[in-house]
Amino acid sequence: MRRLGFAGLVNKFTLPTLTAGAVLLLLGTVMAIAAQAESIPPDSPRWQLKGKAKATEYLGRRCLWLQGGDALLKDFEMTDGVIDLDMAGSGARGFYGIDFRTQPNGDGEEVYLRPHKTGLDDAQQYTPIFSGSTAWQIYNGPGFTAAVDIPKVVWFHVRLVITGAQAKLYVSNMDVPSLVVNDMKSGVRRGGIKLGEGPRYISNFEVRETPPVAWERHEPAMPAATITKWSLSPSLDALERDLERPLSKSEAAAMKWQDVTAEPPGFVVISRYRKAPELTPTWFADFSKRLEPQKGMQVVYARTTISSDRDQVKKLNIGYSDDVSVFLNDKILYRGRSAQRFRDPGFLGIVNPENDAVYLPLKKGRNELLLAVSELTGGWGFICRFDNMNGVHQD
C-alpha cells in the first residue's frame, strides 16, 4: 500500500466533501505523520559536543561516548514528545542524564540514572534545572526518585515520554515506567535536548514530537502550619559576611527585597530567584576539611514576620541547603550545616522539614524571623513549619 504524505492527503480530499468526522481523522493522520521518529546517528553534525564527548565504537556499535561531557542536539526544540535511546556503561559511579526543554539561560528539566546506586531508592531521579544548576536536594522522594536496576556492560533501552507538566521514564521495561514525574517544576514548556555527564555510551537515539497536551499542575497539598510568606535579599558572598550576626537596620533598609511565596509542600526554592553556585566542597576529598571556609559560597537572607497572641516558645521545624543561621528579633538562635557529605560521608543533604528544629521564644505581638541561607551545591532553598499554628499567624 502506497503511503500518502500531507500533500497526498490534501489532493485526495477537498474540504467541502469532508464530514466533521473525516476532518478529525485527517487531522489525526497529519499529526501522526508529523510525529514520526527522527533518528540522529552519533556521527551527525547535529550533535554539538562539549568536554569529554566523541563518536566511537563500543560493544559492536557506533555510538556517542560521554565522560563528564555534553552532546547538545542543535537547532531543535520540543514541547511534548518521546525520546528513545540505548545506553551502556561499566556501572562505575556516574550520572546518565537526559536534559530536555533546555533554555539558553540554563533553565530546563533533567532525568538521570545513577548506575552506582542500581536497585536503590535513588537510582534514578528527576530534577528541574535553574540557570544551569540542578535542585536535586530539594526535589526528592516520590515523584522525583525511585529504585531501578541499571544494567552494566550491555546495551539497554531507555525511553522518556514528556506530556505537559508530567513525564514518564522507562528503563529496559517499556511496558511499565520506572519513574513517574507527576509535576515538573521548572515551568519551562518548550526547549532543546542535551545528553550529559557519564561515563557512558549512547546509540540508537530517536526523538518524536507529539501533539502538546493541556498543562496541568499536580502539586501536593500545603500543610497548614507552613510558613509561606518570605522576602529574599540579593545574593551575597558568604565569606564576606559574619553569619552569626543579624543584619543591621541600615543594611536591611539598603537592600532590595523580593517577596516570594513558598511552593507546596512549603519549599522556598532560592535557586528560582538567585543563581546558585556549583561548588565542590573541600571535604568531598578530605572529610577532615569540612570546617574549612568554602570559597565561592553564596548567602541570601530571608525574612518574615510572625505574630503571636502571647509570650510563648514555639518549635520551628526547618530544612535547608546548605547552611543556615536563624535569628529572631535580632538575636541568633541557631547556626547549622546540612550540606552533602558534611554530617557523615554518606549524608546527601536532602531538604525536608525534619532536618533540624529550633525553639523560638516569641514575644506577644510581631516578631521578625530572619534566616541566612548559604549554598554550595545541589539546590538552594529551605522549608519552615511549625507543629501547629496555635496562637501564631503570619502577617
# chains A, B, ... in the order shown; residues from 1 in each chain; ligands from 1
call {"tool": "select_by_dssp", "arguments": {"residues": "region 153-296 of chain A", "states": "alpha helix (DSSP H)", "output": "ChimeraX atom specification"}}
result
/A:249-254
call {"tool": "closest_residue", "arguments": {"among": "A:Ala167, A:Leu369, A:Val260, A:Ala214", "to": "Leu232 (chain A)", "atoms": "only C-alpha atoms"}}
result
A:Val260
call {"tool": "residues_around", "arguments": {"residues": "region 68-83 of chain A", "least_positions_apart": "3", "cutoff": "6 Å", "atoms": "only C-alpha atoms", "output": "PyMOL selection string"}}
result
chain A and resi 46-53+159-163+189-198+206-210+212
call {"tool": "write_last_selection", "arguments": {"atoms": "N, CA and C atoms", "output": "PDB file, in the first residue's frame"}}
result
ATOM      1  N   ARG A  46      24.681  17.321  13.679  1.00  0.00           N
ATOM      2  CA  ARG A  46      23.674  17.957  14.530  1.00  0.00           C
ATOM      3  C   ARG A  46      24.021  17.854  16.011  1.00  0.00           C
ATOM      4  N   TRP A  47      24.972  16.996  16.358  1.00  0.00           N
ATOM      5  CA  TRP A  47      25.420  16.930  17.748  1.00  0.00           C
ATOM      6  C   TRP A  47      26.510  17.969  17.977  1.00  0.00           C
ATOM      7  N   GLN A  48      26.295  18.828  18.933  1.00  0.00           N
ATOM      8  CA  GLN A  48      27.325  19.767  19.366  1.00  0.00           C
ATOM      9  C   GLN A  48      27.962  19.192  20.625  1.00  0.00           C
ATOM     10  N   LEU A  49      29.218  18.761  20.507  1.00  0.00           N
ATOM     11  CA  LEU A  49      29.887  18.057  21.596  1.00  0.00           C
ATOM     12  C   LEU A  49      30.754  19.015  22.402  1.00  0.00           C
ATOM     13  N   LYS A  50      30.676  18.891  23.729  1.00  0.00           N
ATOM     14  CA  LYS A  50      31.472  19.727  24.620  1.00  0.00           C
ATOM     15  C   LYS A  50      32.145  18.846  25.665  1.00  0.00           C
ATOM     16  N   GLY A  51      33.370  19.220  26.037  1.00  0.00           N
ATOM     17  CA  GLY A  51      34.078  18.462  27.058  1.00  0.00           C
ATOM     18  C   GLY A  51      34.500  17.103  26.540  1.00  0.00           C
ATOM     19  N   LYS A  52      34.526  16.124  27.420  1.00  0.00           N
ATOM     20  CA  LYS A  52      34.916  14.769  27.039  1.00  0.00           C
ATOM     21  C   LYS A  52      33.723  14.067  26.411  1.00  0.00           C
ATOM     22  N   ALA A  53      33.577  14.247  25.111  1.00  0.00           N
ATOM     23  CA  ALA A  53      32.473  13.659  24.350  1.00  0.00           C
ATOM     24  C   ALA A  53      32.947  13.430  22.924  1.00  0.00           C
ATOM     25  N   ARG A 159      13.511   5.085  27.583  1.00  0.00           N
ATOM     26  CA  ARG A 159      12.513   5.912  26.902  1.00  0.00           C
ATOM     27  C   ARG A 159      11.999   6.973  27.879  1.00  0.00           C
ATOM     28  N   LEU A 160      11.893   8.208  27.395  1.00  0.00           N
ATOM     29  CA  LEU A 160      11.341   9.305  28.170  1.00  0.00           C
ATOM     30  C   LEU A 160      10.135   9.852  27.423  1.00  0.00           C
ATOM     31  N   VAL A 161       8.981   9.841  28.074  1.00  0.00           N
ATOM     32  CA  VAL A 161       7.730  10.334  27.488  1.00  0.00           C
ATOM     33  C   VAL A 161       7.353  11.627  28.214  1.00  0.00           C
ATOM     34  N   ILE A 162       7.257  12.719  27.473  1.00  0.00           N
ATOM     35  CA  ILE A 162       7.021  14.048  28.034  1.00  0.00           C
ATOM     36  C   ILE A 162       5.645  14.524  27.603  1.00  0.00           C
ATOM     37  N   THR A 163       4.768  14.803  28.561  1.00  0.00           N
ATOM     38  CA  THR A 163       3.401  15.237  28.258  1.00  0.00           C
ATOM     39  C   THR A 163       3.014  16.355  29.218  1.00  0.00           C
ATOM     40  N   ARG A 189       8.081  25.146  29.110  1.00  0.00           N
ATOM     41  CA  ARG A 189       7.160  24.316  28.342  1.00  0.00           C
ATOM     42  C   ARG A 189       7.725  23.877  26.992  1.00  0.00           C
ATOM     43  N   ARG A 190       8.789  24.499  26.546  1.00  0.00           N
ATOM     44  CA  ARG A 190       9.367  24.127  25.249  1.00  0.00           C
ATOM     45  C   ARG A 190      10.864  24.428  25.276  1.00  0.00           C
ATOM     46  N   GLY A 191      11.654  23.532  24.672  1.00  0.00           N
ATOM     47  CA  GLY A 191      13.087  23.770  24.651  1.00  0.00           C
ATOM     48  C   GLY A 191      13.839  22.642  23.997  1.00  0.00           C
ATOM     49  N   GLY A 192      15.150  22.661  24.164  1.00  0.00           N
ATOM     50  CA  GLY A 192      16.037  21.734  23.475  1.00  0.00           C
ATOM     51  C   GLY A 192      16.306  20.455  24.239  1.00  0.00           C
ATOM     52  N   ILE A 193      17.241  19.650  23.687  1.00  0.00           N
ATOM     53  CA  ILE A 193      17.627  18.366  24.269  1.00  0.00           C
ATOM     54  C   ILE A 193      19.149  18.326  24.388  1.00  0.00           C
ATOM     55  N   LYS A 194      19.611  17.829  25.527  1.00  0.00           N
ATOM     56  CA  LYS A 194      21.046  17.653  25.745  1.00  0.00           C
ATOM     57  C   LYS A 194      21.271  16.362  26.511  1.00  0.00           C
ATOM     58  N   LEU A 195      22.267  15.601  26.103  1.00  0.00           N
ATOM     59  CA  LEU A 195      22.698  14.407  26.820  1.00  0.00           C
ATOM     60  C   LEU A 195      23.990  14.755  27.549  1.00  0.00           C
ATOM     61  N   GLY A 196      24.082  14.375  28.832  1.00  0.00           N
ATOM     62  CA  GLY A 196      25.242  14.819  29.582  1.00  0.00           C
ATOM     63  C   GLY A 196      25.787  13.817  30.564  1.00  0.00           C
ATOM     64  N   GLU A 197      26.894  14.258  31.231  1.00  0.00           N
ATOM     65  CA  GLU A 197      27.595  13.529  32.281  1.00  0.00           C
ATOM     66  C   GLU A 197      28.255  12.255  31.748  1.00  0.00           C
ATOM     67  N   GLY A 198      27.994  11.102  32.362  1.00  0.00           N
ATOM     68  CA  GLY A 198      28.676   9.873  32.034  1.00  0.00           C
ATOM     69  C   GLY A 198      29.390   9.327  33.264  1.00  0.00           C
ATOM     70  N   GLU A 206      16.636   8.442  19.097  1.00  0.00           N
ATOM     71  CA  GLU A 206      15.492   8.886  18.307  1.00  0.00           C
ATOM     72  C   GLU A 206      14.655   9.856  19.135  1.00  0.00           C
ATOM     73  N   VAL A 207      14.059  10.821  18.429  1.00  0.00           N
ATOM     74  CA  VAL A 207      13.157  11.752  19.093  1.00  0.00           C
ATOM     75  C   VAL A 207      11.907  11.905  18.235  1.00  0.00           C
ATOM     76  N   ARG A 208      10.771  11.943  18.886  1.00  0.00           N
ATOM     77  CA  ARG A 208       9.493  12.049  18.179  1.00  0.00           C
ATOM     78  C   ARG A 208       8.625  13.072  18.896  1.00  0.00           C
ATOM     79  N   GLU A 209       8.255  14.133  18.206  1.00  0.00           N
ATOM     80  CA  GLU A 209       7.344  15.117  18.781  1.00  0.00           C
ATOM     81  C   GLU A 209       5.918  14.581  18.751  1.00  0.00           C
ATOM     82  N   THR A 210       5.185  14.920  19.785  1.00  0.00           N
ATOM     83  CA  THR A 210       3.768  14.558  19.859  1.00  0.00           C
ATOM     84  C   THR A 210       2.942  15.830  20.097  1.00  0.00           C
ATOM     85  N   PRO A 212       1.031  18.693  21.713  1.00  0.00           N
ATOM     86  CA  PRO A 212       1.042  19.157  23.106  1.00  0.00           C
ATOM     87  C   PRO A 212      -0.282  18.888  23.808  1.00  0.00           C
TER      88      PRO A 212
END
call {"tool": "select_by_dssp", "arguments": {"residues": "region 153-345 of chain A", "states": "strand (DSSP E or B)", "output": "PyMOL selection string"}}
result
chain A and resi 156-163+166-171+179-181+191-198+200-210+226+229-232+236-237+258-261+263+267-269+298-308+312-321+323-328+331-337
call {"tool": "write_last_selection", "arguments": {"atoms": "C-alpha atoms", "output": "PDB file, in the first residue's frame"}}
result
ATOM      1  CA  PHE A 156      19.803  -1.358  27.415  1.00  0.00           C
ATOM      2  CA  HIS A 157      16.925   0.789  26.205  1.00  0.00           C
ATOM      3  CA  VAL A 158      15.643   3.981  27.854  1.00  0.00           C
ATOM      4  CA  ARG A 159      12.513   5.912  26.902  1.00  0.00           C
ATOM      5  CA  LEU A 160      11.341   9.305  28.170  1.00  0.00           C
ATOM      6  CA  VAL A 161       7.730  10.334  27.488  1.00  0.00           C
ATOM      7  CA  ILE A 162       7.021  14.048  28.034  1.00  0.00           C
ATOM      8  CA  THR A 163       3.401  15.237  28.258  1.00  0.00           C
ATOM      9  CA  GLN A 166       4.254  15.322  33.568  1.00  0.00           C
ATOM     10  CA  ALA A 167       6.796  12.778  32.343  1.00  0.00           C
ATOM     11  CA  LYS A 168       7.443   9.037  32.475  1.00  0.00           C
ATOM     12  CA  LEU A 169      10.824   7.322  32.333  1.00  0.00           C
ATOM     13  CA  TYR A 170      11.203   3.724  31.181  1.00  0.00           C
ATOM     14  CA  VAL A 171      14.391   1.726  31.769  1.00  0.00           C
ATOM     15  CA  LEU A 179       9.755   6.721  37.319  1.00  0.00           C
ATOM     16  CA  VAL A 180       6.562   8.774  37.072  1.00  0.00           C
ATOM     17  CA  VAL A 181       7.029  12.523  37.384  1.00  0.00           C
ATOM     18  CA  GLY A 191      13.087  23.770  24.651  1.00  0.00           C
ATOM     19  CA  GLY A 192      16.037  21.734  23.475  1.00  0.00           C
ATOM     20  CA  ILE A 193      17.627  18.366  24.269  1.00  0.00           C
ATOM     21  CA  LYS A 194      21.046  17.653  25.745  1.00  0.00           C
ATOM     22  CA  LEU A 195      22.698  14.407  26.820  1.00  0.00           C
ATOM     23  CA  GLY A 196      25.242  14.819  29.582  1.00  0.00           C
ATOM     24  CA  GLU A 197      27.595  13.529  32.281  1.00  0.00           C
ATOM     25  CA  GLY A 198      28.676   9.873  32.034  1.00  0.00           C
ATOM     26  CA  ARG A 200      28.512   6.066  29.341  1.00  0.00           C
ATOM     27  CA  TYR A 201      27.815   5.215  25.712  1.00  0.00           C
ATOM     28  CA  ILE A 202      24.710   6.176  23.700  1.00  0.00           C
ATOM     29  CA  SER A 203      23.343   4.667  20.494  1.00  0.00           C
ATOM     30  CA  ASN A 204      20.081   4.474  18.513  1.00  0.00           C
ATOM     31  CA  PHE A 205      18.975   7.966  19.560  1.00  0.00           C
ATOM     32  CA  GLU A 206      15.492   8.886  18.307  1.00  0.00           C
ATOM     33  CA  VAL A 207      13.157  11.752  19.093  1.00  0.00           C
ATOM     34  CA  ARG A 208       9.493  12.049  18.179  1.00  0.00           C
ATOM     35  CA  GLU A 209       7.344  15.117  18.781  1.00  0.00           C
ATOM     36  CA  THR A 210       3.768  14.558  19.859  1.00  0.00           C
ATOM     37  CA  THR A 226       3.941  26.001  56.995  1.00  0.00           C
ATOM     38  CA  LYS A 229       5.401  34.323  53.004  1.00  0.00           C
ATOM     39  CA  TRP A 230       9.013  35.457  52.757  1.00  0.00           C
ATOM     40  CA  SER A 231      11.164  38.265  51.404  1.00  0.00           C
ATOM     41  CA  LEU A 232      14.575  37.498  49.895  1.00  0.00           C
ATOM     42  CA  LEU A 236      25.986  37.950  48.683  1.00  0.00           C
ATOM     43  CA  ASP A 237      29.440  36.413  49.152  1.00  0.00           C
ATOM     44  CA  GLN A 258      11.863  40.376  46.798  1.00  0.00           C
ATOM     45  CA  ASP A 259       8.577  38.981  48.130  1.00  0.00           C
ATOM     46  CA  VAL A 260       8.121  35.273  47.394  1.00  0.00           C
ATOM     47  CA  THR A 261       5.653  32.567  48.351  1.00  0.00           C
ATOM     48  CA  GLU A 263       5.620  26.319  46.844  1.00  0.00           C
ATOM     49  CA  PHE A 267       9.818  24.940  49.906  1.00  0.00           C
ATOM     50  CA  VAL A 268      11.266  28.343  49.182  1.00  0.00           C
ATOM     51  CA  VAL A 269      13.499  27.424  46.243  1.00  0.00           C
ATOM     52  CA  GLN A 298      26.765  32.469  48.475  1.00  0.00           C
ATOM     53  CA  VAL A 299      24.239  33.613  51.061  1.00  0.00           C
ATOM     54  CA  VAL A 300      20.698  35.023  50.802  1.00  0.00           C
ATOM     55  CA  TYR A 301      18.781  36.472  53.747  1.00  0.00           C
ATOM     56  CA  ALA A 302      15.115  35.511  54.057  1.00  0.00           C
ATOM     57  CA  ARG A 303      12.815  37.374  56.425  1.00  0.00           C
ATOM     58  CA  THR A 304       9.226  37.135  57.574  1.00  0.00           C
ATOM     59  CA  THR A 305       7.027  38.335  60.439  1.00  0.00           C
ATOM     60  CA  ILE A 306       5.325  36.018  62.910  1.00  0.00           C
ATOM     61  CA  SER A 307       2.616  37.440  65.173  1.00  0.00           C
ATOM     62  CA  SER A 308       1.907  35.746  68.493  1.00  0.00           C
ATOM     63  CA  GLN A 312       5.411  31.661  74.200  1.00  0.00           C
ATOM     64  CA  VAL A 313       8.085  29.231  72.991  1.00  0.00           C
ATOM     65  CA  LYS A 314       7.237  27.650  69.657  1.00  0.00           C
ATOM     66  CA  LYS A 315       9.042  24.766  67.955  1.00  0.00           C
ATOM     67  CA  LEU A 316      10.080  25.522  64.366  1.00  0.00           C
ATOM     68  CA  ASN A 317      10.984  22.603  62.117  1.00  0.00           C
ATOM     69  CA  ILE A 318      13.472  23.650  59.459  1.00  0.00           C
ATOM     70  CA  GLY A 319      15.147  22.081  56.462  1.00  0.00           C
ATOM     71  CA  TYR A 320      17.720  23.871  54.335  1.00  0.00           C
ATOM     72  CA  SER A 321      20.543  23.640  51.830  1.00  0.00           C
ATOM     73  CA  ASP A 323      23.949  26.351  55.747  1.00  0.00           C
ATOM     74  CA  VAL A 324      21.558  28.385  57.863  1.00  0.00           C
ATOM     75  CA  SER A 325      21.651  30.956  60.634  1.00  0.00           C
ATOM     76  CA  VAL A 326      18.341  31.560  62.426  1.00  0.00           C
ATOM     77  CA  PHE A 327      17.708  34.967  64.023  1.00  0.00           C
ATOM     78  CA  LEU A 328      14.648  36.064  65.958  1.00  0.00           C
ATOM     79  CA  LYS A 331      19.253  37.586  68.188  1.00  0.00           C
ATOM     80  CA  ILE A 332      20.898  34.450  66.787  1.00  0.00           C
ATOM     81  CA  LEU A 333      19.289  31.198  67.936  1.00  0.00           C
ATOM     82  CA  TYR A 334      20.923  28.590  65.718  1.00  0.00           C
ATOM     83  CA  ARG A 335      23.694  28.018  63.169  1.00  0.00           C
ATOM     84  CA  GLY A 336      23.873  24.750  61.244  1.00  0.00           C
ATOM     85  CA  ARG A 337      25.131  22.989  58.125  1.00  0.00           C
TER      86      ARG A 337
END
call {"tool": "decode", "arguments": {"residues": "region 311-322 of chain A", "atoms": "N, CA and C atoms", "output": "PDB file, in the first residue's frame"}}
result
ATOM      1  N   ASP A 311       3.279  35.741  74.886  1.00  0.00           N
ATOM      2  CA  ASP A 311       4.652  35.278  75.006  1.00  0.00           C
ATOM      3  C   ASP A 311       4.622  33.747  75.058  1.00  0.00           C
ATOM      4  N   GLN A 312       5.399  33.122  74.219  1.00  0.00           N
ATOM      5  CA  GLN A 312       5.411  31.661  74.200  1.00  0.00           C
ATOM      6  C   GLN A 312       6.661  31.157  73.479  1.00  0.00           C
ATOM      7  N   VAL A 313       6.995  29.897  73.708  1.00  0.00           N
ATOM      8  CA  VAL A 313       8.085  29.231  72.991  1.00  0.00           C
ATOM      9  C   VAL A 313       7.453  28.278  71.989  1.00  0.00           C
ATOM     10  N   LYS A 314       7.860  28.411  70.735  1.00  0.00           N
ATOM     11  CA  LYS A 314       7.237  27.650  69.657  1.00  0.00           C
ATOM     12  C   LYS A 314       8.317  26.886  68.889  1.00  0.00           C
ATOM     13  N   LYS A 315       8.092  25.583  68.696  1.00  0.00           N
ATOM     14  CA  LYS A 315       9.042  24.766  67.955  1.00  0.00           C
ATOM     15  C   LYS A 315       8.912  25.022  66.458  1.00  0.00           C
ATOM     16  N   LEU A 316      10.036  25.323  65.808  1.00  0.00           N
ATOM     17  CA  LEU A 316      10.080  25.522  64.366  1.00  0.00           C
ATOM     18  C   LEU A 316      10.896  24.406  63.740  1.00  0.00           C
ATOM     19  N   ASN A 317      10.271  23.627  62.872  1.00  0.00           N
ATOM     20  CA  ASN A 317      10.984  22.603  62.117  1.00  0.00           C
ATOM     21  C   ASN A 317      11.552  23.254  60.870  1.00  0.00           C
ATOM     22  N   ILE A 318      12.817  22.960  60.561  1.00  0.00           N
ATOM     23  CA  ILE A 318      13.472  23.650  59.459  1.00  0.00           C
ATOM     24  C   ILE A 318      14.375  22.699  58.681  1.00  0.00           C
ATOM     25  N   GLY A 319      14.243  22.767  57.362  1.00  0.00           N
ATOM     26  CA  GLY A 319      15.147  22.081  56.462  1.00  0.00           C
ATOM     27  C   GLY A 319      15.782  23.111  55.546  1.00  0.00           C
ATOM     28  N   TYR A 320      17.007  22.849  55.097  1.00  0.00           N
ATOM     29  CA  TYR A 320      17.720  23.871  54.335  1.00  0.00           C
ATOM     30  C   TYR A 320      18.898  23.259  53.585  1.00  0.00           C
ATOM     31  N   SER A 321      19.334  23.976  52.577  1.00  0.00           N
ATOM     32  CA  SER A 321      20.543  23.640  51.830  1.00  0.00           C
ATOM     33  C   SER A 321      21.268  24.951  51.539  1.00  0.00           C
ATOM     34  N   ASP A 322      22.552  25.076  51.980  1.00  0.00           N
ATOM     35  CA  ASP A 322      23.317  24.060  52.691  1.00  0.00           C
ATOM     36  C   ASP A 322      23.609  24.486  54.144  1.00  0.00           C
TER      37      ASP A 322
END
